[in-house]
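Okay, entry-v2.tsv is below, TSV, C-alpha atoms and all ligand atoms:
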chain	number	residue	atom	x	y	z
A	218	MET	CA	178.92	181.91	24.55
A	219	ALA	CA	179.55	181.65	20.82
A	220	GLN	CA	183.14	181.63	19.69
A	221	VAL	CA	184.15	184.97	18.20
A	222	LEU	CA	186.45	184.72	15.24
A	223	PRO	CA	188.83	187.47	14.17
A	224	ALA	CA	187.10	190.07	12.02
A	225	GLU	CA	187.01	189.41	8.28
A	226	ARG	CA	189.91	191.18	6.64
A	227	ASP	CA	188.94	190.98	2.99
A	228	LEU	CA	186.42	193.42	1.60
A	229	ARG	CA	183.27	191.67	0.52
A	230	ARG	CA	182.24	192.50	-3.03
A	231	VAL	CA	179.42	191.41	-5.33
A	232	ILE	CA	179.76	193.85	-8.23
A	233	GLY	CA	182.63	193.12	-10.63
A	234	ASP	CA	184.51	195.61	-12.76
A	235	GLY	CA	183.21	194.59	-16.18
A	236	GLU	CA	186.66	193.21	-17.01
A	237	GLY	CA	188.74	190.72	-15.01
A	238	VAL	CA	186.61	190.73	-11.84
A	239	PRO	CA	183.32	188.89	-12.50
A	240	ASP	CA	179.92	190.03	-11.24
A	241	GLY	CA	178.35	188.02	-8.46
A	242	GLU	CA	174.73	187.99	-7.39
A	243	VAL	CA	172.80	188.10	-4.16
A	244	GLU	CA	170.45	185.25	-3.49
A	245	GLY	CA	166.85	186.29	-2.99
A	246	LEU	CA	166.96	189.62	-4.85
A	247	SER	CA	164.55	189.76	-7.78
A	248	GLU	CA	164.91	192.02	-10.82
A	249	ASP	CA	162.36	194.34	-9.21
A	250	ASP	CA	164.51	194.50	-6.09
A	251	LEU	CA	167.58	195.36	-8.15
A	252	LEU	CA	165.72	198.18	-9.90
A	253	GLU	CA	164.25	199.46	-6.64
A	254	LEU	CA	167.75	199.64	-5.18
A	255	HIS	CA	168.76	201.69	-8.22
A	256	ARG	CA	165.82	204.05	-7.70
A	257	ARG	CA	166.88	204.57	-4.10
A	258	LEU	CA	170.50	205.25	-5.00
A	259	VAL	CA	169.38	207.83	-7.54
A	260	GLN	CA	167.03	209.39	-5.00
A	261	LEU	CA	169.88	209.87	-2.54
A	262	ARG	CA	172.35	211.04	-5.20
A	263	THR	CA	169.86	213.58	-6.50
A	264	TYR	CA	169.08	214.77	-2.99
A	265	ASP	CA	172.78	215.27	-2.34
A	266	GLU	CA	173.64	217.01	-5.60
A	267	ARG	CA	170.64	219.33	-5.41
A	268	SER	CA	171.37	220.17	-1.78
A	269	LEU	CA	174.83	221.37	-2.70
A	270	VAL	CA	173.26	223.66	-5.30
A	271	TYR	CA	170.63	224.88	-2.81
A	272	HIS	CA	173.44	225.65	-0.38
A	273	ARG	CA	175.34	227.65	-3.01
A	274	GLN	CA	172.11	229.53	-3.75
A	275	GLY	CA	171.72	230.36	-0.07
A	276	ARG	CA	168.54	228.30	0.27
A	277	ILE	CA	169.83	225.85	2.91
A	278	GLY	CA	172.55	226.28	5.53
A	279	THR	CA	175.79	224.34	5.94
A	280	TYR	CA	175.33	220.91	4.43
A	281	ALA	CA	177.20	217.61	5.01
A	282	ILE	CA	177.70	216.13	1.53
A	283	PHE	CA	177.26	212.35	1.20
A	284	TRP	CA	178.21	211.89	-2.45
A	285	ASN	CA	179.47	208.28	-2.90
A	286	HIS	CA	178.04	207.25	0.48
A	287	GLU	CA	174.66	206.37	-1.07
A	288	ALA	CA	175.37	202.63	-1.50
A	289	MET	CA	176.08	202.25	2.22
A	290	GLN	CA	172.77	203.90	3.09
A	291	ALA	CA	170.50	202.39	0.42
A	292	GLY	CA	172.06	198.92	0.67
A	293	SER	CA	171.78	198.66	4.44
A	294	VAL	CA	168.26	200.11	4.72
A	295	TYR	CA	167.05	197.66	2.07
A	296	ALA	CA	167.91	194.83	4.48
A	297	LEU	CA	165.60	196.28	7.16
A	298	GLU	CA	161.89	196.01	7.83
A	299	ARG	CA	159.75	199.10	8.47
A	300	GLU	CA	159.61	198.21	12.20
A	301	ASP	CA	163.40	198.43	12.50
A	302	TRP	CA	164.96	201.63	13.80
A	303	ILE	CA	167.49	203.82	12.05
A	304	PHE	CA	169.85	206.10	14.00
A	305	PRO	CA	171.50	208.44	11.47
A	306	SER	CA	174.44	210.79	11.83
A	307	TYR	CA	174.52	214.04	9.83
A	308	ARG	CA	176.13	212.01	7.00
A	309	GLU	CA	172.87	210.03	6.66
A	310	SER	CA	170.64	213.10	6.97
A	311	ALA	CA	168.40	212.09	4.04
A	312	ILE	CA	168.10	208.41	4.94
A	313	GLY	CA	164.46	209.01	5.96
A	314	LEU	CA	163.64	209.48	2.26
A	315	LEU	CA	164.09	205.72	1.96
A	316	ARG	CA	161.17	205.35	4.38
A	317	GLY	CA	159.01	207.81	2.46
A	318	MET	CA	159.84	210.92	4.48
A	319	PRO	CA	159.19	214.05	2.38
A	320	ALA	CA	162.31	215.75	1.02
A	321	SER	CA	160.93	219.03	2.40
A	322	THR	CA	161.32	217.70	5.96
A	323	VAL	CA	165.03	217.01	5.57
A	324	LEU	CA	165.59	220.24	3.64
A	325	SER	CA	163.83	222.11	6.44
A	326	TRP	CA	166.24	220.52	8.91
A	327	TRP	CA	169.16	221.94	6.92
A	328	ARG	CA	167.33	225.27	6.83
A	329	GLY	CA	167.17	225.21	10.64
A	330	HIS	CA	163.37	225.30	10.48
A	331	PRO	CA	161.33	223.53	13.20
A	332	THR	CA	159.37	221.52	10.61
A	333	GLY	CA	162.68	219.72	9.97
A	334	TRP	CA	162.40	217.94	13.33
A	335	TRP	CA	160.17	214.94	12.78
A	336	ASN	CA	158.68	212.64	15.37
A	337	PRO	CA	161.05	209.63	15.33
A	338	ALA	CA	158.15	207.25	16.04
A	339	ASP	CA	156.46	208.30	12.77
A	340	TRP	CA	159.26	206.83	10.65
A	341	ASN	CA	161.29	204.74	13.09
A	342	VAL	CA	164.11	207.10	12.19
A	343	ALA	CA	165.78	208.87	15.13
A	344	SER	CA	166.78	212.53	14.94
A	345	ILE	CA	169.89	213.34	12.91
A	346	CYS	CA	172.81	213.13	15.34
A	347	VAL	CA	175.48	215.80	14.98
A	348	PRO	CA	177.59	215.10	18.09
A	349	ILE	CA	179.92	212.29	17.06
A	350	GLY	CA	178.86	208.89	18.34
A	351	THR	CA	176.39	209.99	21.02
A	352	HIS	CA	173.57	208.15	19.26
A	353	VAL	CA	175.29	204.77	19.55
A	354	PRO	CA	174.25	204.25	23.21
A	355	HIS	CA	170.75	205.50	22.31
A	356	ALA	CA	170.50	202.89	19.56
A	357	ALA	CA	171.87	200.22	21.91
A	358	GLY	CA	169.25	201.14	24.50
A	359	LEU	CA	166.42	201.05	22.00
A	360	ALA	CA	167.57	197.70	20.63
A	361	TRP	CA	167.84	196.26	24.15
A	362	GLY	CA	164.33	197.57	24.89
A	363	LYS	CA	162.99	195.75	21.83
A	364	LYS	CA	164.58	192.56	23.11
A	365	LEU	CA	163.16	193.01	26.63
A	366	ARG	CA	159.68	193.45	25.17
A	367	GLY	CA	160.04	190.33	23.07
A	368	GLU	CA	159.68	192.31	19.83
A	369	SER	CA	161.53	191.29	16.71
A	370	ALA	CA	162.69	194.76	15.61
A	371	CYS	CA	166.35	195.68	15.51
A	372	ALA	CA	168.23	198.98	15.27
A	373	VAL	CA	171.02	200.28	13.07
A	374	ALA	CA	173.38	203.04	14.20
A	375	TYR	CA	175.34	204.83	11.46
A	376	PHE	CA	178.60	206.55	12.31
A	377	GLY	CA	181.97	207.33	10.77
A	378	ASP	CA	185.53	206.10	11.22
A	379	GLY	CA	186.22	209.06	13.50
A	380	ALA	CA	183.35	208.04	15.79
A	381	THR	CA	185.15	204.81	16.69
A	382	SER	CA	187.58	206.91	18.79
A	383	GLU	CA	184.75	208.31	20.90
A	384	GLY	CA	183.81	207.03	24.33
A	385	ALA	CA	180.12	206.94	23.41
A	386	PHE	CA	180.83	204.51	20.58
A	387	HIS	CA	182.70	202.18	22.94
A	388	GLU	CA	180.01	202.36	25.62
A	389	GLY	CA	177.22	201.69	23.16
A	390	ALA	CA	179.01	198.84	21.40
A	391	ASN	CA	180.06	197.19	24.66
A	392	PHE	CA	176.64	197.55	26.25
A	393	ALA	CA	174.84	196.14	23.20
A	394	ALA	CA	177.27	193.23	22.99
A	395	VAL	CA	176.93	192.31	26.69
A	396	MET	CA	173.13	192.57	26.51
A	397	ARG	CA	173.03	190.77	23.16
A	398	ALA	CA	170.91	193.63	21.92
A	399	PRO	CA	169.68	193.41	18.31
A	400	LEU	CA	171.90	196.23	17.03
A	401	ILE	CA	173.86	196.74	13.84
A	402	LEU	CA	176.86	199.02	14.25
A	403	PHE	CA	177.30	200.43	10.77
A	404	CYS	CA	180.57	202.28	10.31
A	405	ASN	CA	181.03	204.34	7.18
A	406	ASN	CA	184.81	204.30	6.96
A	407	ASN	CA	185.42	207.12	4.49
A	408	GLN	CA	188.97	207.36	5.87
A	409	TRP	CA	188.64	210.96	7.02
A	410	ALA	CA	187.22	212.73	10.05
A	411	ILE	CA	187.17	216.22	8.54
A	412	SER	CA	190.97	216.65	8.08
A	413	THR	CA	192.06	213.79	10.37
A	414	PRO	CA	193.07	210.72	8.34
A	415	LEU	CA	192.27	207.17	9.41
A	416	GLU	CA	195.87	206.40	10.39
A	417	ALA	CA	195.75	209.20	12.97
A	418	GLN	CA	192.47	207.79	14.30
A	419	THR	CA	193.38	204.23	15.22
A	420	ALA	CA	196.34	201.92	15.69
A	421	ALA	CA	194.18	198.92	14.76
A	422	GLU	CA	194.83	197.30	11.40
A	423	THR	CA	191.15	197.50	10.50
A	424	LEU	CA	188.18	199.08	12.24
A	425	ALA	CA	186.34	195.76	12.03
A	426	ASP	CA	189.02	194.35	14.36
A	427	LYS	CA	187.45	196.39	17.15
A	428	ALA	CA	184.50	194.00	17.07
A	429	VAL	CA	186.68	191.22	18.47
A	430	GLY	CA	187.19	193.19	21.67
A	431	TYR	CA	183.44	193.43	22.15
A	432	GLY	CA	182.94	189.74	21.45
A	433	ILE	CA	180.84	190.32	18.34
A	434	PRO	CA	181.33	189.55	14.64
A	435	GLY	CA	183.05	192.20	12.50
A	436	VAL	CA	182.80	192.24	8.72
A	437	ARG	CA	184.33	194.48	6.06
A	438	VAL	CA	182.53	195.35	2.87
A	439	ASP	CA	183.23	197.55	-0.11
A	440	GLY	CA	181.14	200.60	0.77
A	441	ALA	CA	180.69	201.48	-2.91
A	442	ASP	CA	179.10	198.09	-3.65
A	443	VAL	CA	175.42	198.40	-2.81
A	444	LEU	CA	174.83	194.66	-3.14
A	445	ALA	CA	177.68	193.67	-0.82
A	446	VAL	CA	176.41	196.19	1.73
A	447	TYR	CA	172.89	194.81	1.43
A	448	GLU	CA	174.04	191.22	1.87
A	449	ALA	CA	176.27	191.94	4.87
A	450	THR	CA	173.49	193.92	6.56
A	451	ARG	CA	170.92	191.20	5.86
A	452	GLU	CA	173.16	188.67	7.63
A	453	ALA	CA	173.59	191.05	10.57
A	454	VAL	CA	169.81	191.57	10.78
A	455	THR	CA	169.20	187.82	10.74
A	456	ARG	CA	171.71	187.39	13.56
A	457	ALA	CA	170.12	190.21	15.55
A	458	ARG	CA	166.58	188.80	15.19
A	459	ALA	CA	167.80	185.34	16.17
A	460	GLY	CA	168.96	186.75	19.53
A	461	ASP	CA	172.66	186.53	18.65
A	462	GLY	CA	173.35	190.19	19.36
A	463	PRO	CA	175.15	192.95	17.47
A	464	THR	CA	177.38	192.93	14.41
A	465	PHE	CA	179.95	195.55	13.50
A	466	ILE	CA	179.98	196.36	9.77
A	467	GLU	CA	182.90	198.35	8.45
A	468	ALA	CA	181.93	199.69	5.04
A	469	VAL	CA	185.11	200.93	3.42
A	470	THR	CA	184.99	203.85	1.04
A	471	TYR	CA	186.84	207.10	0.46
A	472	ARG	CA	185.41	210.56	0.95
A	473	ALA	CA	185.23	211.96	-2.58
A	474	ALA	CA	183.64	215.28	-1.58
A	475	PRO	CA	184.41	217.89	1.07
A	476	HIS	CA	183.42	216.98	4.64
A	477	ALA	CA	180.72	219.64	4.40
A	478	THR	CA	180.07	222.87	2.54
A	479	ALA	CA	182.23	224.76	5.07
A	480	ASP	CA	185.30	222.62	4.37
A	481	ASP	CA	188.14	223.06	1.86
A	482	PRO	CA	189.80	219.63	1.50
A	483	SER	CA	192.40	220.93	-0.97
A	484	ALA	CA	194.31	221.92	2.19
A	485	TYR	CA	194.76	218.27	3.21
A	486	ILE	CA	193.60	215.71	0.58
A	487	ASP	CA	195.51	214.56	-2.49
A	488	PRO	CA	193.22	215.61	-5.37
A	489	ALA	CA	194.50	212.77	-7.58
A	490	ARG	CA	193.29	210.22	-5.00
A	491	VAL	CA	189.87	211.87	-4.97
A	492	GLU	CA	189.64	211.75	-8.76
A	493	GLU	CA	190.56	208.05	-8.66
A	494	GLU	CA	187.76	207.44	-6.20
A	495	LYS	CA	185.23	209.31	-8.31
A	496	GLU	CA	186.01	206.86	-11.13
A	497	ARG	CA	184.64	204.01	-9.02
A	498	GLU	CA	181.74	205.82	-7.34
A	499	CYS	CA	178.83	203.70	-6.22
A	500	LEU	CA	175.98	204.78	-8.49
A	501	GLY	CA	178.00	204.50	-11.72
A	502	ARG	CA	179.25	201.08	-10.67
A	503	TYR	CA	175.77	199.82	-9.93
A	504	GLU	CA	174.36	201.21	-13.18
A	505	ALA	CA	177.15	199.46	-15.12
A	506	TYR	CA	176.25	196.22	-13.30
A	507	LEU	CA	172.56	196.57	-14.20
A	508	ARG	CA	173.46	197.33	-17.82
A	509	ARG	CA	175.64	194.21	-18.00
A	510	LEU	CA	172.60	192.25	-16.81
A	511	GLY	CA	170.48	193.97	-19.46
A	512	LEU	CA	168.23	195.49	-16.77
A	513	LEU	CA	168.84	199.20	-17.32
A	514	SER	CA	168.40	201.25	-20.49
A	515	ASP	CA	169.29	204.92	-20.99
A	516	GLU	CA	165.59	205.81	-21.07
A	517	ALA	CA	164.84	203.95	-17.86
A	518	ALA	CA	167.80	205.58	-16.08
A	519	GLU	CA	166.66	209.00	-17.31
A	520	ALA	CA	163.11	208.41	-16.08
A	521	VAL	CA	164.38	207.46	-12.61
A	522	ARG	CA	166.49	210.63	-12.51
A	523	ALA	CA	163.61	212.81	-13.64
A	524	GLU	CA	161.36	211.39	-10.91
A	525	ALA	CA	164.03	212.03	-8.27
A	526	LEU	CA	164.57	215.59	-9.49
A	527	GLU	CA	160.85	216.28	-9.38
A	528	ARG	CA	160.73	215.10	-5.75
A	529	MET	CA	163.51	217.57	-4.95
A	530	ARG	CA	161.83	220.47	-6.77
A	531	GLU	CA	158.64	219.82	-4.82
A	532	GLY	CA	160.65	219.42	-1.61
A	533	ILE	CA	162.49	222.71	-1.79
A	534	ALA	CA	159.35	224.59	-2.87
A	535	GLN	CA	157.47	223.15	0.11
A	536	ALA	CA	160.31	223.90	2.54
A	537	GLU	CA	160.56	227.49	1.32
A	538	ALA	CA	156.81	227.96	1.61
A	539	GLU	CA	156.93	227.32	5.37
A	540	PRO	CA	156.24	230.49	7.34
A	541	ALA	CA	159.22	231.79	9.30
A	542	PRO	CA	159.27	230.24	12.77
A	543	ASP	CA	158.51	232.30	15.85
A	544	PRO	CA	161.83	233.33	17.48
A	545	ALA	CA	160.21	232.63	20.87
A	546	LEU	CA	160.82	228.94	20.11
A	547	LEU	CA	164.49	229.50	20.87
A	548	PHE	CA	163.56	230.16	24.48
A	549	SER	CA	160.32	228.30	25.08
A	550	HIS	CA	161.68	224.81	25.87
A	551	ALA	CA	165.04	225.81	27.34
A	552	LEU	CA	164.16	226.00	31.06
A	553	ALA	CA	161.20	224.91	33.19
A	554	SER	CA	161.30	228.22	35.07
A	555	PRO	CA	162.79	230.78	32.68
A	556	PRO	CA	164.47	233.82	34.24
A	557	ALA	CA	162.87	237.21	33.68
A	558	SER	CA	165.82	238.19	31.49
A	559	PHE	CA	164.48	235.84	28.77
A	560	ASP	CA	161.69	238.33	28.04
A	561	GLN	CA	164.24	241.10	27.46
A	562	ASP	CA	166.41	238.76	25.36
A	563	LEU	CA	163.45	237.81	23.21
A	564	ALA	CA	162.43	241.44	22.78
A	565	GLU	CA	165.98	242.27	21.75
A	566	LEU	CA	166.05	239.35	19.29
A	567	ARG	CA	162.76	240.50	17.72
A	568	ARG	CA	164.17	244.02	17.42
A	569	VAL	CA	167.37	242.71	15.71
A	570	LEU	CA	165.31	240.53	13.34
A	571	GLY	CA	163.15	243.53	12.54
A	572	GLY	CA	159.94	241.80	13.70
A	601	LIG	C1	181.47	214.99	20.08
A	601	LIG	C2	181.90	215.75	18.88
A	601	LIG	N1	183.20	216.11	18.74
A	601	LIG	C3	183.60	216.81	17.66
A	601	LIG	C4	182.70	217.18	16.68
A	601	LIG	C5	183.17	217.95	15.46
A	601	LIG	N2	183.12	217.09	14.27
A	601	LIG	C6	182.12	217.19	13.38
A	601	LIG	S1	182.26	216.08	12.14
A	601	LIG	C7	183.68	215.44	12.78
A	601	LIG	C8	184.39	214.31	12.08
A	601	LIG	C9	183.73	212.99	12.22
A	601	LIG	O1	184.33	212.07	11.36
A	601	LIG	P1	183.75	210.64	11.14
A	601	LIG	O2	183.26	210.06	12.42
A	601	LIG	O3	184.76	209.86	10.39
A	601	LIG	O4	182.44	210.89	10.25
A	601	LIG	P2	182.35	211.47	8.76
A	601	LIG	O5	182.12	212.93	8.91
A	601	LIG	O6	183.61	211.17	8.04
A	601	LIG	O7	181.16	210.78	8.15
A	601	LIG	C10	184.03	216.10	13.95
A	601	LIG	C11	185.22	215.80	14.75
A	601	LIG	C12	181.36	216.77	16.86
A	601	LIG	N3	180.42	217.04	15.95
A	601	LIG	N4	180.99	216.08	17.95
A	602	MG	MG	184.94	209.62	8.31

Once more with this new file: its structure as structure tokens, please.
Amino acid sequence: MAQVLPAERDLRRVIGDGEGVPDGEVEGLSEDDLLELHRRLVQLRTYDERSLVYHRQGRIGTYAIFWNHEAMQAGSVYALEREDWIFPSYRESAIGLLRGMPASTVLSWWRGHPTGWWNPADWNVASICVPIGTHVPHAAGLAWGKKLRGESACAVAYFGDGATSEGAFHEGANFAAVMRAPLILFCNNNQWAISTPLEAQTAAETLADKAVGYGIPGVRVDGADVLAVYEATREAVTRARAGDGPTFIEAVTYRAAPHATADDPSAYIDPARVEEEKERECLGRYEAYLRRLGLLSDEAAEAVRAEALERMREGIAQAEAEPAPDPALLFSHALASPPASFDQDLAELRRVLGG
């Protein structure tokens, strides 16, 4: 068995600050790659900002904001192949867009419309997981299955800092490690689980330290540095494909938005800390990096934004054009032998809905 070293403590970074901290670069990324990463960040940012507006307008339901989480999602997915599987939590609800999934599909999910439930095999993107951590064993099982079949695909499970306190996380991580399953455990450590801060979540010095207990490598990256996230994930993918098993990636960030539209963080978060974090948010930092390299002009940035906005306009129009679903769907797959009372319940529901 390979020797497992203590988890890396320092945050990996590639992007400098334009002043004392110099910019690095990632080997193997062309200028086209750098611009494509930018396009993807803007796509996610636009999705997120528009969704908040759609929520306020009553056009989608409760929505889990992922503002400033885009670099963790775009950077890690860029290190994957299309055959690799993505297991998102609600925080990565729009990650399918990076595989070409229509925005209307994800918006329909937030509208509670059946067209929002895609076939995972169409995109190699599992259903959005709302229970905390329950998708980690699913991802471990899928990854192990790929290994048993001799396929080269791997899986990535996305979860938060709070999920690391859940039994399902432990079971999935331990199982994948023992089976040397090709799994990447991607933890978005935004330092909050709704109103529970990180220090109330764990007694470990870092979340990456947990990897040591599973006998797998643990790395820490700056979650607002899309290039550092990409590089760390690429290494984890290489390890997974080589048969060396899982890697735990702790991407460190700070939640700069409410947990979700139903949350009021002013009750528990220091607003000055949030403002500080917004100053170093991931898209602005990456755009500044591209500008320092001379790769991004105002016009080009504007064109990318306009394209992303158009995709959202089309997406919401398409989602809203879907006919209302039949309320019978609520009952039809619940039980193999439904009780007679279901008929009365459905009739009552139709009466209440005015149908
Ligand atoms: C099993 C389970 N317990 C509790 C909840 C309620 N809940 C929803 S979000 C959340 C916080 C999760 O925090 P974290 O894992 O850090 O993810 P983040 O929301 O910060 O991305 C909790 C406890 C849930 N969805 N599932
Ligand atoms: Mg969290």

Sorted per-residue table, stretch 334-421 of chain A near stretch 453-456 of chain A, closest atoms and distance, 9 Å, all atoms listed in the file, as JSON lines:
{"residue": "A:Cys371", "atom": "CA", "partner": "A:Val454", "partner_atom": "CA", "distance": 7.2}
{"residue": "A:Ala372", "atom": "CA", "partner": "A:Val454", "partner_atom": "CA", "distance": 8.8}
{"residue": "A:Pro399", "atom": "CA", "partner": "A:Val454", "partner_atom": "CA", "distance": 7.8}
{"residue": "A:Leu400", "atom": "CA", "partner": "A:Val454", "partner_atom": "CA", "distance": 8.1}
{"residue": "A:Ile401", "atom": "CA", "partner": "A:Ala453", "partner_atom": "CA", "distance": 6.6}

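Taking all atoms listed in the file into account, A:Trp326 lies nearest to A:Gly532 out of the set A:Gly532, A:Pro414, A:Pro556, A:Gly571.
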
Q) If you count all atoms listed in the file, which residues fall within 8 Å of A:Arg522, apart from same-chain ones fewer than 6 positions away, as an MDAnalysis selection string? A) chainID A and resid 259:260 263

Q.
Within 7 Å of (176.3, 192.8, -6.0) (file coordinates; all atoms listed in the file), which protein or nucleic acid residues are there? I'd like them as a PyMOL selection string.
A. chain A and resi 230-232+240-243+442-445

Report as a short mmCIF file (atom, residue, chain, number, x, y, z; two decimals) with C-alpha atoms, keeping the file's coordinate frame which protein, DNA and RNA residues come within 7 Å of ligand LIG 601 (chain A), using all atoms listed in the file.
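Result went into pocket_23.cif, see below:
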data_model
loop_
_atom_site.label_atom_id
_atom_site.label_comp_id
_atom_site.auth_asym_id
_atom_site.auth_seq_id
_atom_site.Cartn_x
_atom_site.Cartn_y
_atom_site.Cartn_z
CA ARG A 308 176.13 212.01 7.00
CA VAL A 347 175.48 215.80 14.98
CA PRO A 348 177.59 215.10 18.09
CA ILE A 349 179.92 212.29 17.06
CA GLY A 350 178.86 208.89 18.34
CA PHE A 376 178.60 206.55 12.31
CA GLY A 377 181.97 207.33 10.77
CA ASP A 378 185.53 206.10 11.22
CA GLY A 379 186.22 209.06 13.50
CA ALA A 380 183.35 208.04 15.79
CA ASN A 405 181.03 204.34 7.18
CA ASN A 406 184.81 204.30 6.96
CA ASN A 407 185.42 207.12 4.49
CA GLN A 408 188.97 207.36 5.87
CA TRP A 409 188.64 210.96 7.02
CA ALA A 410 187.22 212.73 10.05
CA ILE A 411 187.17 216.22 8.54
CA HIS A 476 183.42 216.98 4.64
#

**Q.** Nearest candidate to ligand MG 602 (chain A) (options A:Phe559, A:Tyr264, A:Trp361, A:Tyr375; using only C-alpha atoms and all ligand atoms)
**A.**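 When distances to ligand MG 602 (chain A) are compared using only C-alpha atoms and all ligand atoms, the smallest one comes from A:Tyr375.
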
Q | Computed interatomic separation between atom CA of A:Gly460 and atom CA of A:Leu254 (Å) | A |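 Atom CA of A:Leu254 lies 27.9 Å from atom CA of A:Gly460.
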
Q: Have a look at atom CA of A:Glu266 and atom CA of A:Thr279 and let me know their distance in Å, one decimal.
A: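 Calculated distance between atom CA of A:Glu266 and atom CA of A:Thr279 is 13.8 Å.
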
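As for atom CA of A:Val270 and atom CA of A:Leu570, they are spaced 26.4 Å apart.
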
**Q.** Nearest-residue call for A:Asp265, choices A:Thr470, A:Ser514, A:Thr423, A:Thr478, using all atoms listed in the file
**A.** A:Thr478

Q. Using only C-alpha atoms and all ligand atoms, which of A:Ala356, A:Ala484, A:Ala468, A:Ala398 sits nearest ligand MG 602 (chain A)?
A. A:Ala468

Q.
I need the residue nearest ligand MG 602 (chain A) from this list: A:Tyr485, A:Tyr503, A:Tyr471, A:Trp284. Use all atoms listed in the file for the distance.
A.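 Smallest distance to ligand MG 602 (chain A) is found for A:Tyr471.
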
Q) Which residue out of A:Val395, A:Val373, A:Ala320, A:Glu504 has the minimum interatomic distance to A:Arg267 when all atoms listed in the file are used? A) A:Ala320

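Selection around (176.7, 199.8, 22.3) with radius 6 Å, counting only C-alpha atoms, yields the residues Val353, Pro354, Ala357, Glu388, Gly389, Ala390, Asn391, Phe392 and Ala393 of chain A.
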